[in-house]
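Engineer: Sharing a structure with you now.
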Amino acid sequence: MPRSTLIPILAAAFWLCVVVTLLFALSPRGNIAGVNDKTLHMLAFAALTCLACAAFPFASMIRVFFWLCLFGGAIELAQMIPEVHRDAELADWLADTLAIAGVLFAIKLTGFRAWLARSALAASAPGSA
């Protein structure tokens, strides 16, 4: 599959992951195989960060960090609504933020994002197939 068609697929996967994360965050609390709540937060936001960086290779990492942290904070604010029957916790938002920062740091260290951006540019260059 050419990289030029992979980016829209990754973007769709990112937005699907955003919706699924929001649905799980606002649904009545359920224990998923006995996994710790903070672990679930970190896994969800690590996945969102990986997908965001792959799907939007030209967006700055600061922008990715800002928007995903804002999303995590918005989830916690939404959990304050009594009808949601969830408890907002600052520790949950901090777990989200730690996961985002950790993944962005790892991506920066590996140079994966720079490679992906170069690949996307090469795939969109005239005469490339």
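Note on naming: chains are A, B, ... as they come in the structure tokens, residues start from 1 per chain, ligands start from 1 in the order shown.
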Excluding Arg63 of chain A and residues on its chain fewer than 2 positions from it, collect all residues at most 12 Å away from it, counting only C-alpha atoms, and give them as a ChimeraX atom specification.
Structural biologist: /A:49,52-53,56-61,65-70,100-101,104
Engineer: Each residue of segment 48-114 of chain A with at least one atom at most 9 Å from segment 22-42 of chain A should appear once, together with its nearest atom pair and the corresponding distance in Å (one decimal); atoms considered: only C-alpha atoms; ordering: chain, then increasing residue number; output as CSV.
Structural biologist:
```
residue,atom,partner,partner_atom,distance
A:Ile75,CA,A:Ala25,CA,6.8
A:Glu76,CA,A:Ala25,CA,8.5
A:Ala78,CA,A:Leu26,CA,7.5
A:Gln79,CA,A:Leu26,CA,6.5
A:Val84,CA,A:Leu26,CA,6.2
A:His85,CA,A:Pro28,CA,6.4
A:Arg86,CA,A:Pro28,CA,6.8
A:Ala91,CA,A:Lys38,CA,7.9
A:Asp92,CA,A:Lys38,CA,6.2
A:Trp93,CA,A:His41,CA,8.2
A:Ala95,CA,A:Met42,CA,5.8
A:Asp96,CA,A:Met42,CA,5.4
A:Thr97,CA,A:Met42,CA,8.3
A:Leu98,CA,A:Met42,CA,7.5
A:Ala99,CA,A:Met42,CA,5.1
A:Ile100,CA,A:Met42,CA,8.0
```
Engineer: For Leu94 of chain A, which residue among A:Leu116, A:Val20, A:Phe45, A:Cys50 is the nearest when counting only C-alpha atoms?
Structural biologist: A:Phe45
Engineer: DSSP on the backbone: what in chain A comes out helix (DSSP H, G or I), as an NGL selection string?
Structural biologist: :A and (3-26 or 37-55 or 61-78 or 82-84 or 90-110 or 112-124)
Engineer: What is the distance between atom CA of Val103 of chain A and atom CA of Ala88 of chain A, in Å to one decimal?
Structural biologist: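 According to the coordinates, atom CA of Val103 of chain A and atom CA of Ala88 of chain A are separated by 23.6 Å.
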Engineer: Between atom CA of Arg118 of chain A and atom CA of Thr5 of chain A, measure the distance and give it in Å to one decimal.
Structural biologist: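 Taking atom CA of Arg118 of chain A and atom CA of Thr5 of chain A, their separation equals 14.8 Å.
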